[in-house]
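Trainee: Quick one: structure below, then a few questions.
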There are 4 protein chains.
Amino acid sequence: MVRRGKAAVHEPTTARGQRTRQKLLDGAEEIFGEEGFERASIAAITGRAEVALGTFYVYFPNKQAIFSELLIELGRALRRRLAEATRGLDTRLAVEEAGCLAFLEFVQSHKNFYRIVRQAEFVDEALYRSYYQGLAKSYAEGLAAAVEGDEIADLDPETVAYMLMGIFDFIGMRWVLWEGQLPPEKLLQDVFRFIRGGLLRAPGGR
Amino acid sequence: MVRRGKAAVHEPTTARGQRTRQKLLDGAEEIFGEEGFERASIAAITGRAEVALGTFYVYFPNKQAIFSELLIELGRALRRRLAEATRGLDTRLAVEEAGCLAFLEFVQSHKNFYRIVRQAEFVDEALYRSYYQGLAKSYAEGLAAAVEGDEIADLDPETVAYMLMGIFDFIGMRWVLWEGQLPPEKLLQDVFRFIRGGLLRAPGGR
Amino acid sequence: MVRRGKAAVHEPTTARGQRTRQKLLDGAEEIFGEEGFERASIAAITGRAEVALGTFYVYFPNKQAIFSELLIELGRALRRRLAEATRGLDTRLAVEEAGCLAFLEFVQSHKNFYRIVRQAEFVDEALYRSYYQGLAKSYAEGLAAAVEGDEIADLDPETVAYMLMGIFDFIGMRWVLWEGQLPPEKLLQDVFRFIRGGLLRAPGGR
Amino acid sequence: MVRRGKAAVHEPTTARGQRTRQKLLDGAEEIFGEEGFERASIAAITGRAEVALGTFYVYFPNKQAIFSELLIELGRALRRRLAEATRGLDTRLAVEEAGCLAFLEFVQSHKNFYRIVRQAEFVDEALYRSYYQGLAKSYAEGLAAAVEGDEIADLDPETVAYMLMGIFDFIGMRWVLWEGQLPPEKLLQDVFRFIRGGLLRAPGGR
DNA sequence: CATGAATGAGATTTCATTCAT
DNA sequence: AATGAATGAAATCTCATTCAT
């Protein structure tokens, strides 16, 4: 009947608009990483992006929206990076090792991403879950194939996927987030040995 | 980072005071779990605790303080629980398995705790780190002894500690936090098999 | 399940609270009258009331709420005034004349009320209608009785009620609102003669 | 009160310009009617008119200006309608009746007009008064002639004009605005009878 | 003529904290 | 010990208006 609702927050049509929108996303990534979602203010984001406060609302309806978009984009970038890093590798163990390294390198070069993902639980829980579920699904598919091919032990692929994500997450936290560097080579080898042992060792039972 | 009020915020002397203080802590645990630290308001906490707003400041100088105290108390409770659950066990593997189960049961009965710990990173980072570092230290000591005794493979104990915490954390997230239940027995067995494999398999090398 | 929602905006319990609340209502009446609902800011209201901005929200959830409350209170005051002014009069015509005069005097002493009622249509339409409908109902009851008693012509009471309200409203606008004074006695007599004629003259038909 | 832009806001010269300007006026009439002046945004108006935001300022210096123009145009249209409807009628009573009906029909076909006029008091008070004063003047002139010719009672013409406008306004509110329809024929006859009585009955006195 | 990105002042609303009782 | 009224800084969001294209 009567059209209501605000003028749709649009995808910009001009190149200038595109640039502004990107500046906002970049600013938001920095500020969210530094301050956390709740303490980050729109004013801080536009300040970092060097645009006026009101400009924010030309492109995003609220703080949640830019956060969610950021999470989606960064998630995509991570997967691209993982896909590249593991392309063409022929054993599952090689994939895990390359993937682990790629992940650690990725979060090292996107330290804010780490903090952004960890906050997502409180900002947009559905998106947060789907981030991990999507990642777990990729992992699990690869693992299922490896189980199928008798390459690794017969463990539930999804469970293994969450365990691996947990390992990577905590190792990344301990070294990349807290120390700002990759784990020393020796420790990284220990991580790989642990994972290899977990994946290969068949014997179950107590 | 932690602001201090000037008024000497006292430990209550009377039994009534003790009770009030505990009601506030209980209310805070619920509200922080539901809303997150930033969105949780003192008014909500006192409302849940069924005391007047001003009463809060009789016992705590500010919002951070009650959060930190909560984290410390819950951390203590978790360790007590883990200590109980693993007391007297004679193999490291048995300790890990019992510890894993105890952890999952603990977070199941303190679902808010899970969310509180995960927020601590953005509220009181030092405390957050010391929570994990303390936990890691306990683990690492046990693991170092097991390495010493040739019970498990020669891996860096601290690194293993973080890997195990990561595994438990993510399995807990996947099952307890998201599904509200412990993982099915079969999957739990897969977790244990994975960990056993990781810990026992000595030979490194590619 | 989980109690949500803000701490209820309360009726104040202490005398001090009562006073503050009343100061806000008084300030709001002035500001709404001067500026109109939309241009009136909460800050202006609290400024007039000489309390801090935040104090407003201790007593009212938003601008609408205080406006509606104001309209209700003022409506009540008008009716009280009309009831007093017409109590004991024994002819309908006398009631109309006394009522007209009382209305004009009332709006003269509450010039803001005039403007507040007229804005209500855009602020709280339901309340606005019920204000007029309530007033019309009172009128119509009195008129119906007068028709019954053959005191006035057999016209639909509700229709007459709206006509009378329209007359009073516009005469009040022309004189009280625009000139700040009651109509000159001579003109007031013309109003009464017109109404008498309208009410008494029976002959219908063209 | 009326702010003036510097850019010479032009009357459009081309036919295309004429059309755009009219689209804006039409859009504004709808939006002002739906939302009220203050809540109506330029963006909503241009959205309804299906032109770009900036286009607004090609034709109008600001929001007030288009509102005032709208009021003037609609006022003109009403008078045209009243003039047509009463042209050639030879008694004042016939004029009033035809005028009343024409007014009600007019507001029925311009429901937004009703709301626009009622808001004008808070947007452009001078124009609002002059709207009523102009209308009252026309009325009063006709009424004065009728008094002169002994056709109606000797009442102050301006006062009667305001009373009649009040009656029409409130009957229109009750039926056209609230019910979306003209009053039932019977009630309309009661309105006419009331007015005839008021106008004809000469004798004053209590 | 027409466009739509950009601006920034101003409004509403929340809430941690203080303080008088 | 407990209360709850009061505060005001800070945050979000809206939108009339300008301006470069």
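Residues in the structure tokens are named by chain (A, B, ... in the order shown) and by number from 1 within that chain; ligands are numbered from 1 in the order shown.
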Determine, for each residue of range 30-144 of chain C having at least one atom at most 12 Å from an atom of range 7-20 of chain F, the closest pair of atoms and their separation in Å to one decimal, counting only C-alpha atoms (C1' of nucleotides); order by chain and ascending number, as JSON lines.

Mentor:
{"residue": "C:Ala43", "atom": "CA", "partner": "F:DG8", "partner_atom": "C1'", "distance": 11.8}
{"residue": "C:Val51", "atom": "CA", "partner": "F:DT7", "partner_atom": "C1'", "distance": 9.0}
{"residue": "C:Ala52", "atom": "CA", "partner": "F:DT7", "partner_atom": "C1'", "distance": 6.3}
{"residue": "C:Leu53", "atom": "CA", "partner": "F:DG8", "partner_atom": "C1'", "distance": 7.4}
{"residue": "C:Gly54", "atom": "CA", "partner": "F:DT7", "partner_atom": "C1'", "distance": 6.7}
{"residue": "C:Thr55", "atom": "CA", "partner": "F:DT7", "partner_atom": "C1'", "distance": 7.5}
{"residue": "C:Phe56", "atom": "CA", "partner": "F:DT7", "partner_atom": "C1'", "distance": 10.9}
{"residue": "C:Tyr57", "atom": "CA", "partner": "F:DT7", "partner_atom": "C1'", "distance": 11.6}
{"residue": "C:Val58", "atom": "CA", "partner": "F:DT7", "partner_atom": "C1'", "distance": 11.1}

Trainee: Export, as a compact mmCIF listing (two decimals), in the first residue's frame, the selected residues with C-alpha atoms.

Mentor:
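The result, written out as out_39.txt:
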# COMPACT_ATOMS: atom_id res chain seq x y z
CA ALA C 43 16.31 18.91 26.48
CA VAL C 51 16.32 19.12 35.99
CA ALA C 52 18.99 17.20 34.15
CA LEU C 53 18.29 15.64 30.80
CA GLY C 54 18.52 12.11 32.07
CA THR C 55 15.96 12.79 34.74
CA PHE C 56 13.28 12.85 32.09
CA TYR C 57 13.75 9.15 31.47
CA VAL C 58 13.37 8.35 35.12

Trainee: Within 12 Å of Leu127 in chain B, counting only C-alpha atoms (C1' of nucleotides), which residues show up once you throw out same-chain ones fewer than 6 positions away? Write them as a list in words, please.

Mentor: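 Answer for this query is Met1, Val2, Gln64, Ala65, Phe67, Ser68, Glu69, Leu70, Leu71, Ile72, Gly75, Val117, Arg118, Gln119, Ala120, Glu121, Gln133 and Gly134 of chain B.
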
Trainee: For the residues selected in the previous step, produce a file with C-alpha atoms as a PDB file, in the first residue's frame.

Mentor:
ATOM      1  CA  MET B   1      42.247  -0.152  32.799  1.00  0.00           C
ATOM      2  CA  VAL B   2      40.454  -1.064  35.986  1.00  0.00           C
ATOM      3  CA  GLN B  64      34.458  -4.428  35.738  1.00  0.00           C
ATOM      4  CA  ALA B  65      35.070  -5.418  39.313  1.00  0.00           C
ATOM      5  CA  PHE B  67      32.932  -9.251  36.211  1.00  0.00           C
ATOM      6  CA  SER B  68      36.521  -9.939  37.191  1.00  0.00           C
ATOM      7  CA  GLU B  69      35.495 -11.386  40.486  1.00  0.00           C
ATOM      8  CA  LEU B  70      33.023 -13.612  38.749  1.00  0.00           C
ATOM      9  CA  LEU B  71      35.646 -14.840  36.332  1.00  0.00           C
ATOM     10  CA  ILE B  72      38.055 -15.568  39.157  1.00  0.00           C
ATOM     11  CA  GLY B  75      37.802 -20.251  37.273  1.00  0.00           C
ATOM     12  CA  VAL B 117      35.110 -16.487  29.693  1.00  0.00           C
ATOM     13  CA  ARG B 118      34.819 -15.719  26.011  1.00  0.00           C
ATOM     14  CA  GLN B 119      33.968 -12.137  26.714  1.00  0.00           C
ATOM     15  CA  ALA B 120      36.718 -11.634  29.188  1.00  0.00           C
ATOM     16  CA  GLU B 121      39.121 -11.047  26.342  1.00  0.00           C
ATOM     17  CA  GLN B 133      47.813 -19.322  31.390  1.00  0.00           C
ATOM     18  CA  GLY B 134      46.969 -20.682  34.804  1.00  0.00           C
TER      19      GLY B 134
END

Trainee: After a least-squares fit of chain A on chain D across every C-alpha pair in order, what's the RMSD, to one decimal?

Mentor: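 Computed value for the CA RMSD is 2.9 Å.
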
Trainee: Hey, which of A:Phe106, A:Phe113, A:Tyr139, A:Phe37 ends up closest to chain B? Count only C-alpha atoms.

Mentor: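 Looking at the shortest contact to chain B, the residue is A:Phe37.
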
Trainee: With a distance cut-off of 9 Å and only C-alpha atoms (C1' of nucleotides), select the neighbouring residues of range 164-177 of chain A, excluding the residue or stretch itself and same-chain residues fewer than 5 positions from it, and output the selection as an MDAnalysis selection string.

Mentor: (chainID A and resid 96 100 103:105 107:108 111 114:115 132 135:136 139 159 182:184 191 195) or (chainID B and resid 159 162:171)

Trainee: Please identify every residue of chain D that has at least one atom no more than 8 Å from any atom of chain F, counting only C-alpha atoms (C1' of nucleotides), and report them as a count of residues only.

Mentor: 3

Trainee: What is the CA of Glu38 in chain B-CA of Ala49 in chain A distance in Å, reported with one decimal?

Mentor: 24.5 Å

Trainee: Using only C-alpha atoms, which residue out of D:Asp26, D:Phe60, D:Glu34, D:Arg76 lies closest to chain C?

Mentor: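 Looking only at the distances to chain C, the closest residue turns out to be D:Glu34.
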
Trainee: So how many Å separate CA of Ala102 in chain D and CA of Arg79 in chain D, to one decimal?

Mentor: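 A separation of 10.0 Å between them.
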
Trainee: Just to confirm, what's the straight-line distance from CA of Ala140 in chain A to CA of Ile116 in chain A in Å (one decimal)?

Mentor: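 Between CA of Ala140 in chain A and CA of Ile116 in chain A the gap is 24.0 Å.
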
Trainee: For Leu93 in chain C, find every residue with an atom within 10 Å (counting only C-alpha atoms (C1' of nucleotides)), except residues of its own chain fewer than 2 positions away, and show them as number ranges by chain.

Mentor: C: 89-91, 95-99, 143, 146, 151-152, 192, 195-196, 199-200; D: 206

Trainee: Taking only C-alpha atoms (C1' of nucleotides) into account, report as a PyMOL selection string which residues of chain E lie within 9 Å of chain B.

Mentor: chain E and resi 15-17

Trainee: Between D:Glu30, D:Glu185, D:Glu73, D:Asp156, which is the closest to chain A once you count only C-alpha atoms?

Mentor: D:Glu30

Trainee: From a DSSP calculation on the backbone, collect every residue of range 23-171 of chain A in helix (DSSP H, G or I) and output the set as a PyMOL selection string.

Mentor: chain A and resi 23-35+42-49+53-59+63-86+92-109+111-123+125-148+157-171

Trainee: The selected residues should be written to file as a compact mmCIF listing (two decimals), in the first residue's frame (atoms: C-alpha atoms).

Mentor:
# COMPACT_ATOMS: atom_id res chain seq x y z
CA LYS A 23 37.14 3.16 3.42
CA LEU A 24 34.39 2.58 5.94
CA LEU A 25 34.92 -1.18 5.91
CA ASP A 26 38.64 -0.72 6.38
CA GLY A 27 38.14 1.72 9.20
CA ALA A 28 35.65 -0.58 10.84
CA GLU A 29 38.04 -3.53 10.70
CA GLU A 30 40.66 -1.53 12.52
CA ILE A 31 38.39 -0.06 15.13
CA PHE A 32 36.55 -3.30 15.87
CA GLY A 33 39.90 -5.00 16.30
CA GLU A 34 41.19 -2.33 18.62
CA GLU A 35 38.13 -1.60 20.69
CA ILE A 42 30.47 4.84 14.66
CA ALA A 43 32.25 8.12 15.16
CA ALA A 44 35.53 6.30 15.63
CA ILE A 45 34.95 4.31 12.46
CA THR A 46 34.15 7.34 10.35
CA GLY A 47 37.03 9.16 11.96
CA ARG A 48 39.42 6.41 10.92
CA ALA A 49 37.87 6.33 7.47
CA LEU A 53 29.69 10.74 10.66
CA GLY A 54 26.58 10.86 8.58
CA THR A 55 28.31 9.22 5.68
CA PHE A 56 28.29 5.97 7.57
CA TYR A 57 24.53 5.80 7.29
CA VAL A 58 24.64 6.31 3.57
CA TYR A 59 26.12 2.84 3.31
CA LYS A 63 26.92 -0.95 13.44
CA GLN A 64 25.79 -4.56 13.31
CA ALA A 65 25.45 -4.42 9.57
CA ILE A 66 29.00 -3.33 8.90
CA PHE A 67 30.27 -5.85 11.41
CA SER A 68 28.42 -8.69 9.75
CA GLU A 69 29.57 -7.65 6.33
CA LEU A 70 33.12 -7.48 7.60
CA LEU A 71 32.89 -10.94 9.08
CA ILE A 72 31.54 -12.35 5.84
CA GLU A 73 34.23 -10.72 3.76
CA LEU A 74 37.01 -11.77 6.05
CA GLY A 75 35.66 -15.29 6.20
CA ARG A 76 35.71 -15.39 2.43
CA ALA A 77 39.29 -14.15 2.36
CA LEU A 78 40.38 -16.81 4.84
CA ARG A 79 38.84 -19.57 2.79
CA ARG A 80 40.43 -18.27 -0.36
CA ARG A 81 43.76 -18.31 1.43
CA LEU A 82 43.26 -21.84 2.72
CA ALA A 83 42.16 -23.08 -0.68
CA GLU A 84 45.24 -21.62 -2.31
CA ALA A 85 47.58 -22.95 0.31
CA THR A 86 46.28 -26.51 0.09
CA ARG A 92 45.37 -35.21 4.05
CA LEU A 93 48.20 -34.70 6.51
CA ALA A 94 49.92 -32.37 4.09
CA VAL A 95 46.66 -30.48 3.73
CA GLU A 96 46.30 -30.11 7.47
CA GLU A 97 49.81 -28.91 7.90
CA ALA A 98 49.66 -26.44 5.07
CA GLY A 99 46.23 -25.33 6.23
CA CYS A 100 47.42 -24.78 9.78
CA LEU A 101 50.33 -22.70 8.61
CA ALA A 102 48.18 -20.74 6.20
CA PHE A 103 45.70 -20.04 8.97
CA LEU A 104 48.38 -18.82 11.33
CA GLU A 105 49.88 -16.64 8.65
CA PHE A 106 46.48 -15.30 7.74
CA VAL A 107 45.61 -14.27 11.27
CA GLN A 108 49.06 -12.81 11.66
CA SER A 109 48.40 -10.53 8.72
CA LYS A 111 45.21 -9.68 13.60
CA ASN A 112 41.92 -7.81 13.78
CA PHE A 113 40.15 -10.69 12.13
CA TYR A 114 40.95 -12.87 15.09
CA ARG A 115 39.34 -10.48 17.48
CA ILE A 116 36.44 -9.84 15.16
CA VAL A 117 35.55 -13.50 14.87
CA ARG A 118 35.72 -13.94 18.61
CA GLN A 119 33.33 -11.12 19.17
CA ALA A 120 30.88 -12.27 16.58
CA GLU A 121 29.36 -14.65 19.09
CA PHE A 122 27.91 -11.68 20.91
CA VAL A 123 27.07 -9.55 17.92
CA GLU A 125 25.28 -15.31 16.79
CA ALA A 126 23.74 -16.86 13.73
CA LEU A 127 26.49 -15.56 11.51
CA TYR A 128 29.08 -16.65 14.03
CA ARG A 129 27.81 -20.17 13.97
CA SER A 130 27.55 -20.28 10.25
CA TYR A 131 31.13 -19.10 10.02
CA TYR A 132 32.34 -22.08 12.01
CA GLN A 133 29.83 -24.48 10.56
CA GLY A 134 30.87 -23.53 7.04
CA LEU A 135 34.52 -23.97 7.88
CA ALA A 136 33.79 -27.25 9.66
CA LYS A 137 31.89 -28.50 6.65
CA SER A 138 34.82 -27.91 4.32
CA TYR A 139 37.14 -29.64 6.72
CA ALA A 140 34.78 -32.50 7.30
CA GLU A 141 34.37 -33.19 3.60
CA GLY A 142 38.08 -33.46 3.12
CA LEU A 143 38.41 -35.62 6.20
CA ALA A 144 35.56 -37.89 5.19
CA ALA A 145 37.26 -38.54 1.88
CA ALA A 146 40.48 -39.36 3.69
CA VAL A 147 38.67 -41.74 6.01
CA GLU A 148 37.03 -43.31 3.00
CA PRO A 157 34.82 -36.09 10.43
CA GLU A 158 32.82 -33.27 11.94
CA THR A 159 34.17 -33.96 15.40
CA VAL A 160 37.70 -33.96 14.05
CA ALA A 161 36.99 -30.74 12.21
CA TYR A 162 36.01 -28.99 15.44
CA MET A 163 39.02 -30.41 17.23
CA LEU A 164 41.36 -29.15 14.54
CA MET A 165 39.73 -25.74 14.54
CA GLY A 166 40.09 -25.64 18.31
CA ILE A 167 43.77 -26.51 18.08
CA PHE A 168 44.47 -23.91 15.44
CA ASP A 169 42.44 -21.31 17.25
CA PHE A 170 44.24 -21.75 20.55
CA ILE A 171 47.70 -22.04 19.06

Trainee: Looking at D:Gly149, D:Glu50, D:Asp124, D:Arg87, which one is nearest to chain A, with distances taken over only C-alpha atoms?

Mentor: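 Smallest separation from chain A among the options: D:Glu50.
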